[in-house]
>>> print(open('upload_10.cif').read())   # mmCIF, C-alpha atoms and all ligand atoms
data_final
#
loop_
_atom_site.group_PDB
_atom_site.id
_atom_site.type_symbol
_atom_site.label_atom_id
_atom_site.label_comp_id
_atom_site.auth_asym_id
_atom_site.auth_seq_id
_atom_site.Cartn_x
_atom_site.Cartn_y
_atom_site.Cartn_z
ATOM 1 C CA MET A 153 1.759 -21.104 -88.637
ATOM 2 C CA ASP A 154 0.627 -24.707 -88.264
ATOM 3 C CA TRP A 155 2.535 -26.189 -85.347
ATOM 4 C CA SER A 156 1.023 -29.538 -84.617
ATOM 5 C CA THR A 157 -2.014 -31.758 -84.770
ATOM 6 C CA LEU A 158 -3.777 -34.030 -82.302
ATOM 7 C CA GLY A 159 -4.351 -37.432 -83.856
ATOM 8 C CA GLY A 160 -4.507 -35.669 -87.202
ATOM 9 C CA VAL A 161 -7.601 -33.768 -86.059
ATOM 10 C CA VAL A 162 -6.990 -30.630 -84.029
ATOM 11 C CA THR A 163 -4.669 -28.059 -85.564
ATOM 12 C CA ILE A 164 -2.729 -25.613 -83.416
ATOM 13 C CA ARG A 165 -2.348 -22.390 -85.399
ATOM 14 C CA ALA A 166 -2.084 -18.632 -85.057
ATOM 15 C CA TYR A 167 -5.272 -16.609 -84.618
ATOM 16 C CA GLN A 168 -6.694 -15.076 -87.798
ATOM 17 C CA SER A 169 -9.115 -12.153 -88.031
ATOM 18 C CA SER A 170 -11.792 -14.570 -89.293
ATOM 19 C CA ASP A 171 -11.615 -16.266 -85.835
ATOM 20 C CA HIS A 172 -12.765 -13.043 -84.131
ATOM 21 C CA ASP A 173 -16.375 -13.993 -83.409
ATOM 22 C CA GLN A 174 -15.483 -17.493 -82.183
ATOM 23 C CA VAL A 175 -12.822 -16.182 -79.796
ATOM 24 C CA ARG A 176 -15.130 -13.390 -78.548
ATOM 25 C CA ALA A 177 -17.649 -16.105 -77.643
ATOM 26 C CA PHE A 178 -15.143 -18.726 -76.424
ATOM 27 C CA THR A 179 -16.234 -20.541 -73.271
ATOM 28 C CA CYS A 180 -13.846 -22.276 -70.860
ATOM 29 C CA THR A 181 -15.385 -21.688 -67.448
ATOM 30 C CA THR A 182 -15.927 -24.625 -65.126
ATOM 31 C CA PRO A 183 -19.064 -24.635 -62.927
ATOM 32 C CA GLY A 184 -18.142 -24.120 -59.275
ATOM 33 C CA GLN A 185 -14.669 -22.732 -60.154
ATOM 34 C CA LYS A 186 -15.006 -18.941 -60.147
ATOM 35 C CA TYR A 187 -11.308 -18.545 -60.914
ATOM 36 C CA THR A 188 -11.927 -19.902 -64.433
ATOM 37 C CA ARG A 189 -13.915 -16.755 -65.308
ATOM 38 C CA GLU A 190 -10.885 -14.471 -65.505
ATOM 39 C CA PRO A 191 -8.994 -16.635 -68.068
ATOM 40 C CA GLN A 192 -12.144 -16.677 -70.201
ATOM 41 C CA ARG A 193 -12.473 -12.877 -69.966
ATOM 42 C CA VAL A 194 -8.837 -12.382 -70.990
ATOM 43 C CA ILE A 195 -9.327 -14.702 -73.994
ATOM 44 C CA ARG A 196 -12.529 -12.965 -75.115
ATOM 45 C CA ASP A 197 -10.994 -9.479 -74.824
ATOM 46 C CA ALA A 198 -7.696 -10.350 -76.549
ATOM 47 C CA PRO A 199 -8.737 -10.008 -80.244
ATOM 48 C CA ASP A 200 -10.002 -6.441 -79.792
ATOM 49 C CA GLU A 201 -7.105 -5.424 -77.546
ATOM 50 C CA ILE A 202 -4.635 -6.608 -80.165
ATOM 51 C CA ALA A 203 -6.582 -4.896 -82.962
ATOM 52 C CA ASN A 204 -6.678 -1.643 -80.983
ATOM 53 C CA ASP A 205 -2.939 -1.649 -80.275
ATOM 54 C CA PRO A 206 -0.916 -3.259 -83.088
ATOM 55 C CA SER A 207 2.345 -2.331 -81.309
ATOM 56 C CA ASP A 208 1.350 -4.510 -78.355
ATOM 57 C CA GLU A 209 3.425 -7.706 -78.385
ATOM 58 C CA THR A 210 0.530 -10.019 -77.602
ATOM 59 C CA TRP A 211 -0.408 -13.058 -79.685
ATOM 60 C CA ILE A 212 -3.173 -15.628 -79.770
ATOM 61 C CA ALA A 213 -2.981 -19.257 -80.870
ATOM 62 C CA VAL A 214 -5.997 -21.495 -81.275
ATOM 63 C CA ALA A 215 -6.727 -25.216 -81.351
ATOM 64 C CA ASP A 216 -8.961 -25.639 -84.362
ATOM 65 C CA HIS A 217 -11.163 -28.709 -84.838
ATOM 66 C CA PRO A 218 -12.294 -29.203 -88.457
ATOM 67 C CA ASP A 219 -15.889 -30.013 -87.468
ATOM 68 C CA VAL A 220 -16.507 -27.912 -84.367
ATOM 69 C CA GLY A 221 -14.152 -24.950 -84.760
ATOM 70 C CA ILE A 222 -12.055 -23.443 -81.981
ATOM 71 C CA VAL A 223 -11.781 -25.733 -78.949
ATOM 72 C CA GLY A 224 -8.797 -24.104 -77.202
ATOM 73 C CA VAL A 225 -7.161 -20.675 -77.002
ATOM 74 C CA ILE A 226 -3.915 -19.311 -75.565
ATOM 75 C CA VAL A 227 -2.992 -15.630 -75.185
ATOM 76 C CA TYR A 228 0.722 -14.918 -74.718
ATOM 77 C CA GLN A 229 2.978 -11.921 -74.735
ATOM 78 C CA ALA A 230 6.371 -10.338 -74.379
ATOM 79 C CA GLN A 231 6.033 -8.834 -70.928
ATOM 80 C CA PRO A 232 8.296 -5.905 -70.011
ATOM 81 C CA VAL A 233 10.443 -6.695 -66.971
ATOM 82 C CA GLY A 234 10.014 -3.154 -65.624
ATOM 83 C CA SER A 235 8.638 0.197 -66.741
ATOM 84 C CA GLU A 236 12.131 1.622 -67.388
ATOM 85 C CA ASP A 237 13.632 -1.625 -68.669
ATOM 86 C CA PRO A 238 13.215 -2.570 -72.373
ATOM 87 C CA THR A 239 13.877 -6.253 -71.587
ATOM 88 C CA THR A 240 10.897 -8.542 -72.027
ATOM 89 C CA ARG A 241 10.173 -12.081 -70.897
ATOM 90 C CA PRO A 242 7.767 -14.757 -72.183
ATOM 91 C CA TYR A 243 4.414 -14.558 -70.439
ATOM 92 C CA ILE A 244 1.207 -16.602 -70.736
ATOM 93 C CA ALA A 245 -1.762 -14.288 -70.171
ATOM 94 C CA SER A 246 -4.465 -16.942 -70.505
ATOM 95 C CA LEU A 247 -5.109 -20.507 -71.592
ATOM 96 C CA GLY A 248 -8.445 -22.284 -71.896
ATOM 97 C CA VAL A 249 -9.932 -25.404 -73.446
ATOM 98 C CA ARG A 250 -13.601 -26.127 -74.033
ATOM 99 C CA ARG A 251 -14.937 -28.457 -71.341
ATOM 100 C CA ASP A 252 -15.884 -31.207 -73.796
ATOM 101 C CA TYR A 253 -12.343 -31.280 -75.259
ATOM 102 C CA ARG A 254 -10.300 -31.435 -72.060
ATOM 103 C CA ARG A 255 -7.788 -34.125 -71.020
ATOM 104 C CA GLN A 256 -6.662 -34.705 -74.601
ATOM 105 C CA GLY A 257 -3.439 -32.733 -74.406
ATOM 106 C CA ILE A 258 -4.800 -29.628 -76.134
ATOM 107 C CA ALA A 259 -3.708 -27.150 -73.443
ATOM 108 C CA THR A 260 -0.286 -28.773 -73.324
ATOM 109 C CA MET A 261 0.066 -28.363 -77.088
ATOM 110 C CA LEU A 262 -1.108 -24.744 -76.977
ATOM 111 C CA LYS A 263 1.354 -23.854 -74.219
ATOM 112 C CA THR A 264 4.183 -25.661 -75.998
ATOM 113 C CA ALA A 265 3.379 -23.831 -79.238
ATOM 114 C CA ALA A 266 3.261 -20.459 -77.467
ATOM 115 C CA MET A 267 6.604 -21.073 -75.765
ATOM 116 C CA LEU A 268 8.244 -22.146 -79.019
ATOM 117 C CA ASP A 269 6.782 -19.148 -80.853
ATOM 118 C CA MET A 270 8.115 -16.722 -78.245
ATOM 119 C CA ALA A 271 11.550 -18.376 -78.432
ATOM 120 C CA ASP A 272 11.419 -17.957 -82.236
ATOM 121 C CA ARG A 273 10.624 -14.284 -81.729
ATOM 122 C CA GLY A 274 13.731 -13.921 -79.569
ATOM 123 C CA ILE A 275 11.898 -13.378 -76.289
ATOM 124 C CA GLU A 276 14.354 -14.999 -73.949
ATOM 125 C CA GLY A 277 14.061 -16.602 -70.542
ATOM 126 C CA PRO A 278 11.677 -18.972 -68.819
ATOM 127 C CA THR A 279 7.956 -18.563 -69.394
ATOM 128 C CA ILE A 280 5.976 -16.979 -66.568
ATOM 129 C CA SER A 281 2.282 -17.323 -65.790
ATOM 130 C CA LEU A 282 0.035 -16.599 -62.803
ATOM 131 C CA VAL A 283 -2.262 -19.404 -61.699
ATOM 132 C CA ASN A 284 -4.884 -19.290 -58.971
ATOM 133 C CA ARG A 285 -3.765 -21.488 -56.089
ATOM 134 C CA ARG A 286 -7.026 -23.482 -56.265
ATOM 135 C CA ASN A 287 -6.656 -24.175 -59.989
ATOM 136 C CA ILE A 288 -5.519 -27.781 -59.621
ATOM 137 C CA ALA A 289 -5.925 -28.542 -63.349
ATOM 138 C CA MET A 290 -3.527 -25.816 -64.470
ATOM 139 C CA LEU A 291 -1.094 -26.358 -61.599
ATOM 140 C CA ARG A 292 -0.961 -30.095 -62.348
ATOM 141 C CA LEU A 293 -0.505 -29.466 -66.054
ATOM 142 C CA ASN A 294 2.449 -27.170 -65.381
ATOM 143 C CA GLU A 295 3.961 -29.647 -62.960
ATOM 144 C CA THR A 296 3.495 -32.822 -65.011
ATOM 145 C CA ARG A 297 4.107 -31.484 -68.507
ATOM 146 C CA PHE A 298 6.616 -28.675 -67.942
ATOM 147 C CA HIS A 299 8.255 -29.492 -64.592
ATOM 148 C CA ALA A 300 7.374 -25.920 -63.718
ATOM 149 C CA ILE A 301 8.315 -24.203 -60.487
ATOM 150 C CA ALA A 302 5.394 -22.752 -58.485
ATOM 151 C CA GLU A 303 6.035 -19.941 -56.008
ATOM 152 C CA ARG A 304 3.707 -17.707 -54.001
ATOM 153 C CA ASP A 305 2.804 -14.467 -55.758
ATOM 154 C CA LEU A 306 3.851 -11.746 -53.323
ATOM 155 C CA ASP A 307 1.397 -9.318 -55.014
ATOM 156 C CA ASP A 308 -1.640 -11.608 -54.781
ATOM 157 C CA PRO A 309 -2.027 -14.357 -52.159
ATOM 158 C CA ASN A 310 -4.596 -16.101 -54.413
ATOM 159 C CA ASP A 311 -2.017 -16.773 -57.117
ATOM 160 C CA ASP A 312 1.110 -18.798 -57.666
ATOM 161 C CA VAL A 313 3.832 -17.556 -60.007
ATOM 162 C CA ILE A 314 4.629 -20.383 -62.409
ATOM 163 C CA THR A 315 7.989 -20.606 -64.126
ATOM 164 C CA ALA A 316 8.222 -23.125 -66.964
ATOM 165 C CA ALA A 317 11.167 -24.054 -69.132
ATOM 166 C CA ILE A 318 10.874 -24.345 -72.880
ATOM 167 C CA GLU A 319 11.206 -28.122 -73.069
ATOM 168 C CA PRO A 320 7.986 -30.024 -72.425
ATOM 169 C CA VAL A 321 8.491 -33.298 -70.562
ATOM 170 C CA ASP A 322 6.684 -35.489 -73.101
HETATM 171 C C1 LIG A 401 -6.520 -25.945 -67.335
HETATM 172 C C2 LIG A 401 -7.004 -26.368 -68.748
HETATM 173 C C3 LIG A 401 -6.570 -25.298 -69.746
HETATM 174 C C4 LIG A 401 -6.353 -27.731 -69.100
HETATM 175 O O1 LIG A 401 -6.721 -28.075 -70.437
HETATM 176 P P1 LIG A 401 -6.573 -29.577 -71.012
HETATM 177 O O2 LIG A 401 -6.532 -29.479 -72.502
HETATM 178 O O3 LIG A 401 -7.619 -30.433 -70.401
HETATM 179 O O4 LIG A 401 -5.131 -30.004 -70.445
HETATM 180 P P2 LIG A 401 -4.225 -31.249 -70.940
HETATM 181 O O5 LIG A 401 -5.115 -32.291 -71.562
HETATM 182 O O6 LIG A 401 -3.117 -30.716 -71.737
HETATM 183 O O7 LIG A 401 -3.723 -31.789 -69.514
HETATM 184 C C5 LIG A 401 -2.397 -32.269 -69.341
HETATM 185 C C6 LIG A 401 -2.220 -32.759 -67.925
HETATM 186 O O8 LIG A 401 -2.543 -31.715 -66.983
HETATM 187 C C7 LIG A 401 -3.139 -32.299 -65.790
HETATM 188 N N1 LIG A 401 -4.565 -31.938 -65.689
HETATM 189 C C8 LIG A 401 -5.328 -31.324 -66.618
HETATM 190 N N2 LIG A 401 -6.579 -31.137 -66.144
HETATM 191 C C9 LIG A 401 -6.593 -31.658 -64.885
HETATM 192 C C10 LIG A 401 -7.588 -31.762 -63.881
HETATM 193 N N3 LIG A 401 -8.837 -31.300 -64.081
HETATM 194 N N4 LIG A 401 -7.233 -32.323 -62.704
HETATM 195 C C11 LIG A 401 -5.992 -32.789 -62.478
HETATM 196 N N5 LIG A 401 -4.989 -32.717 -63.409
HETATM 197 C C12 LIG A 401 -5.301 -32.151 -64.589
HETATM 198 C C13 LIG A 401 -3.030 -33.799 -65.993
HETATM 199 O O9 LIG A 401 -1.740 -34.189 -65.532
HETATM 200 C C14 LIG A 401 -3.108 -33.910 -67.517
HETATM 201 O O10 LIG A 401 -2.604 -35.130 -67.994
HETATM 202 P P3 LIG A 401 -3.557 -36.447 -68.048
HETATM 203 O O11 LIG A 401 -4.836 -36.023 -68.747
HETATM 204 O O12 LIG A 401 -2.751 -37.421 -68.853
HETATM 205 O O13 LIG A 401 -3.796 -36.839 -66.629
HETATM 206 C C15 LIG A 401 -8.560 -26.547 -68.769
HETATM 207 O O14 LIG A 401 -8.959 -27.355 -67.684
HETATM 208 C C16 LIG A 401 -9.318 -25.230 -68.719
HETATM 209 O O15 LIG A 401 -9.626 -24.632 -69.757
HETATM 210 N N6 LIG A 401 -9.642 -24.759 -67.492
HETATM 211 C C17 LIG A 401 -10.411 -23.508 -67.358
HETATM 212 C C18 LIG A 401 -9.568 -22.285 -67.692
HETATM 213 C C19 LIG A 401 -8.351 -22.202 -66.802
HETATM 214 O O16 LIG A 401 -8.410 -22.416 -65.601
HETATM 215 N N7 LIG A 401 -7.206 -21.881 -67.409
HETATM 216 C C20 LIG A 401 -5.935 -21.784 -66.718
HETATM 217 C C21 LIG A 401 -5.728 -20.476 -66.099
HETATM 218 S S1 LIG A 401 -4.844 -19.374 -67.170
#
>>> encode(input="upload_10.cif", output="structure tokens")
Amino acid sequence: MDWSTLGGVVTIRAYQSSDHDQVRAFTCTTPGQKYTREPQRVIRDAPDEIANDPSDETWIAVADHPDVGIVGVIVYQAQPVGSEDPTTRPYIASLGVRRDYRRQGIATMLKTAAMLDMADRGIEGPTISLVNRRNIAMLRLNETRFHAIAERDLDDPNDDVITAAIEPVD
């Protein structure tokens, strides 16, 4: 998979096993924003979780810079609607971009690629994600790029439930 490039530089592509060490060490926390630690943990754990459970419908895409390596990562999955219900829906488990590569559209491209990939895989419906209510960067991205709907998460008052359609705005 080679979905798109940023100015001919950054390639958005599927994770490969040779990316393992880079993803395990991937850093996307922001000083002073504790809520950025959990997305980083999810990203770092994803390669081994997928390797340990090949039946798990979880995927990783990376933004790969030819000189510096992986600068962005998204983890996405077919999430079961309920324990008894075989229906799944598109779900973004985590998304992060290295601090020195932010505000260049990389997260937008990763989320777009993940949504298109899940649609290709036949996972139907709008894409869901949970975003901490203080995470202005991610909330703004969803609002400006995906016209997403944000609603209170009834299970966790710290989070909003974000519902995004497949078509990005630009
Ligand atoms: C959230 C995050 C993934 C955004 O990555 P990014 O590559 O910088 O995002 P994009 O460049 O695609 O941003 C697109 C738009 O989102 C909004 N946006 C992004 N970062 C923003 C910020 N810090 N403040 C306000 N708006 C922001 C803007 O509208 C931006 O467009 P603009 O740059 O033209 O103004 C990145 O800040 C990050 O890794 N944060 C830490 C991890 C995290 O919180 N992940 C999300 C939880 S799962």
>>> closest_atom_pairs(input="upload_10.cif", of="region 226-256 of chain A", to="region 162-185 of chain A", cutoff="8 Å", atoms="only C-alpha atoms", output="Markdown table")
| residue | atom | partner | partner_atom | distance |
| --- | --- | --- | --- | --- |
| A:Gly248 | CA | A:Cys180 | CA | 5.5 |
| A:Val249 | CA | A:Cys180 | CA | 5.6 |
| A:Arg250 | CA | A:Cys180 | CA | 5.0 |
| A:Arg251 | CA | A:Cys180 | CA | 6.3 |
>>> closest_residue(input="upload_10.cif", among="A:Gln192, A:Asn310, A:Asn204, A:Thr239", to="Val283 (chain A)", atoms="only C-alpha atoms")
A:Asn310
>>> closest_residue(input="upload_10.cif", among="A:Pro242, A:Pro199, A:Gly224, A:Pro278", to="ligand LIG 401 (chain A)", atoms="all atoms listed in the file")
A:Gly224
>>> residues_near_ligand(input="upload_10.cif", ligand="ligand LIG 401 (chain A)", cutoff="7 Å", atoms="all atoms listed in the file", output="count of residues only")
33
>>> atom_distance(input="upload_10.cif", atom1="CA of Ala198 (chain A)", atom2="CA of Val227 (chain A)")
7.2 Å
>>> resolve_selection(input="upload_10.cif", expression="the PyMOL selection byres (((chain A and resi 303) around 12) and not hetatm)", output="compact mmCIF listing (two decimals) with C-alpha atoms, in the frame of the given file")
# COMPACT_ATOMS: atom_id res chain seq x y z
CA ILE A 280 5.98 -16.98 -66.57
CA SER A 281 2.28 -17.32 -65.79
CA LEU A 282 0.04 -16.60 -62.80
CA VAL A 283 -2.26 -19.40 -61.70
CA ASN A 284 -4.88 -19.29 -58.97
CA ARG A 285 -3.76 -21.49 -56.09
CA LEU A 291 -1.09 -26.36 -61.60
CA ALA A 300 7.37 -25.92 -63.72
CA ILE A 301 8.32 -24.20 -60.49
CA ALA A 302 5.39 -22.75 -58.48
CA ARG A 304 3.71 -17.71 -54.00
CA ASP A 305 2.80 -14.47 -55.76
CA LEU A 306 3.85 -11.75 -53.32
CA ASP A 307 1.40 -9.32 -55.01
CA ASP A 308 -1.64 -11.61 -54.78
CA PRO A 309 -2.03 -14.36 -52.16
CA ASN A 310 -4.60 -16.10 -54.41
CA ASP A 311 -2.02 -16.77 -57.12
CA ASP A 312 1.11 -18.80 -57.67
CA VAL A 313 3.83 -17.56 -60.01
CA ILE A 314 4.63 -20.38 -62.41
CA THR A 315 7.99 -20.61 -64.13
CA ALA A 316 8.22 -23.12 -66.96
>>> atom_distance(input="upload_10.cif", atom1="CA of Phe298 (chain A)", atom2="CA of Val220 (chain A)")
28.4 Å
>>> atom_distance(input="upload_10.cif", atom1="CA of Asp237 (chain A)", atom2="CA of Asp269 (chain A)")
22.4 Å
>>> closest_residue(input="upload_10.cif", among="A:Ala317, A:Ile275, A:Met270, A:Val161", to="Pro232 (chain A)", atoms="all atoms listed in the file")
A:Ile275
>>> closest_residue(input="upload_10.cif", among="A:Arg241, A:Glu276, A:Leu262, A:Ser235", to="Ile212 (chain A)", atoms="only C-alpha atoms")
A:Leu262
>>> axis_aligned_box(input="upload_10.cif", around="region 270-288 of chain A", padding_each_side="4 Å", output="JSON")
{"center_x": 3.7, "center_y": -20.6, "center_z": -69.2, "size_x": 29.4, "size_y": 22.4, "size_z": 34.1}
>>> closest_residue(input="upload_10.cif", among="A:Glu236, A:Tyr228, A:Arg273, A:Lys263", to="Ala215 (chain A)", atoms="all atoms listed in the file")
A:Lys263
>>> closest_residue(input="upload_10.cif", among="A:Ala265, A:Ala271, A:Val214, A:Val223", to="Thr240 (chain A)", atoms="all atoms listed in the file")
A:Ala271
>>> decode(input="upload_10.cif", residues="region 263-296 of chain A", atoms="N, CA and C atoms", output="compact mmCIF listing (two decimals), in the first residue's frame")
# COMPACT_ATOMS: atom_id res chain seq x y z
N LYS A 263 -5.20 9.74 8.83
CA LYS A 263 -6.59 9.40 9.15
C LYS A 263 -7.39 9.13 7.88
N THR A 264 -7.14 9.93 6.85
CA THR A 264 -7.82 9.70 5.57
C THR A 264 -7.48 8.31 5.03
N ALA A 265 -6.19 7.98 5.06
CA ALA A 265 -5.76 6.67 4.55
C ALA A 265 -6.40 5.53 5.34
N ALA A 266 -6.46 5.68 6.66
CA ALA A 266 -7.06 4.63 7.50
C ALA A 266 -8.54 4.47 7.18
N MET A 267 -9.23 5.58 7.01
CA MET A 267 -10.67 5.51 6.71
C MET A 267 -10.91 4.86 5.35
N LEU A 268 -10.09 5.24 4.36
CA LEU A 268 -10.25 4.63 3.04
C LEU A 268 -9.92 3.15 3.08
N ASP A 269 -8.89 2.78 3.83
CA ASP A 269 -8.51 1.36 3.92
C ASP A 269 -9.62 0.54 4.57
N MET A 270 -10.24 1.09 5.62
CA MET A 270 -11.32 0.34 6.27
C MET A 270 -12.53 0.22 5.33
N ALA A 271 -12.80 1.28 4.56
CA ALA A 271 -13.90 1.19 3.58
C ALA A 271 -13.59 0.11 2.56
N ASP A 272 -12.33 0.06 2.09
CA ASP A 272 -11.91 -0.99 1.14
C ASP A 272 -12.11 -2.38 1.72
N ARG A 273 -11.90 -2.50 3.02
CA ARG A 273 -12.03 -3.80 3.68
C ARG A 273 -13.49 -4.14 3.98
N GLY A 274 -14.39 -3.23 3.63
CA GLY A 274 -15.82 -3.51 3.81
C GLY A 274 -16.34 -3.23 5.20
N ILE A 275 -15.56 -2.49 5.99
CA ILE A 275 -16.02 -2.14 7.34
C ILE A 275 -16.85 -0.87 7.19
N GLU A 276 -18.14 -1.03 7.36
CA GLU A 276 -19.05 0.05 6.97
C GLU A 276 -19.43 0.95 8.14
N GLY A 277 -19.82 2.16 7.78
CA GLY A 277 -20.31 3.12 8.78
C GLY A 277 -19.30 4.22 9.01
N PRO A 278 -19.73 5.24 9.77
CA PRO A 278 -18.81 6.33 10.08
C PRO A 278 -17.69 5.86 11.00
N THR A 279 -16.59 6.60 10.97
CA THR A 279 -15.42 6.23 11.77
C THR A 279 -15.50 6.88 13.14
N ILE A 280 -15.32 6.05 14.17
CA ILE A 280 -15.42 6.50 15.55
C ILE A 280 -14.01 6.64 16.16
N SER A 281 -13.84 7.63 17.01
CA SER A 281 -12.63 7.70 17.83
C SER A 281 -12.99 8.37 19.15
N LEU A 282 -12.16 8.18 20.16
CA LEU A 282 -12.35 8.83 21.45
C LEU A 282 -11.22 9.83 21.63
N VAL A 283 -11.57 11.06 21.93
CA VAL A 283 -10.55 12.11 22.06
C VAL A 283 -10.75 12.83 23.39
N ASN A 284 -9.67 12.97 24.13
CA ASN A 284 -9.73 13.70 25.40
C ASN A 284 -10.27 15.11 25.16
N ARG A 285 -11.14 15.55 26.03
CA ARG A 285 -11.83 16.84 25.82
C ARG A 285 -10.88 18.03 25.85
N ARG A 286 -9.67 17.84 26.39
CA ARG A 286 -8.68 18.93 26.40
C ARG A 286 -7.77 18.89 25.18
N ASN A 287 -7.91 17.86 24.36
CA ASN A 287 -7.00 17.68 23.22
C ASN A 287 -7.44 18.55 22.03
N ILE A 288 -7.16 19.84 22.16
CA ILE A 288 -7.62 20.81 21.17
C ILE A 288 -7.11 20.46 19.77
N ALA A 289 -5.85 20.01 19.67
CA ALA A 289 -5.27 19.73 18.35
C ALA A 289 -6.11 18.68 17.61
N MET A 290 -6.40 17.58 18.32
CA MET A 290 -7.13 16.49 17.64
C MET A 290 -8.60 16.86 17.42
N LEU A 291 -9.18 17.59 18.37
CA LEU A 291 -10.58 18.01 18.19
C LEU A 291 -10.69 18.97 17.00
N ARG A 292 -9.73 19.89 16.91
CA ARG A 292 -9.76 20.85 15.79
C ARG A 292 -9.54 20.15 14.45
N LEU A 293 -8.61 19.21 14.46
CA LEU A 293 -8.35 18.46 13.22
C LEU A 293 -9.64 17.77 12.74
N ASN A 294 -10.31 17.09 13.67
CA ASN A 294 -11.54 16.38 13.29
C ASN A 294 -12.61 17.34 12.79
N GLU A 295 -12.67 18.49 13.42
CA GLU A 295 -13.69 19.48 13.05
C GLU A 295 -13.37 20.10 11.69
N THR A 296 -12.11 20.54 11.52
CA THR A 296 -11.79 21.30 10.30
C THR A 296 -11.61 20.39 9.09
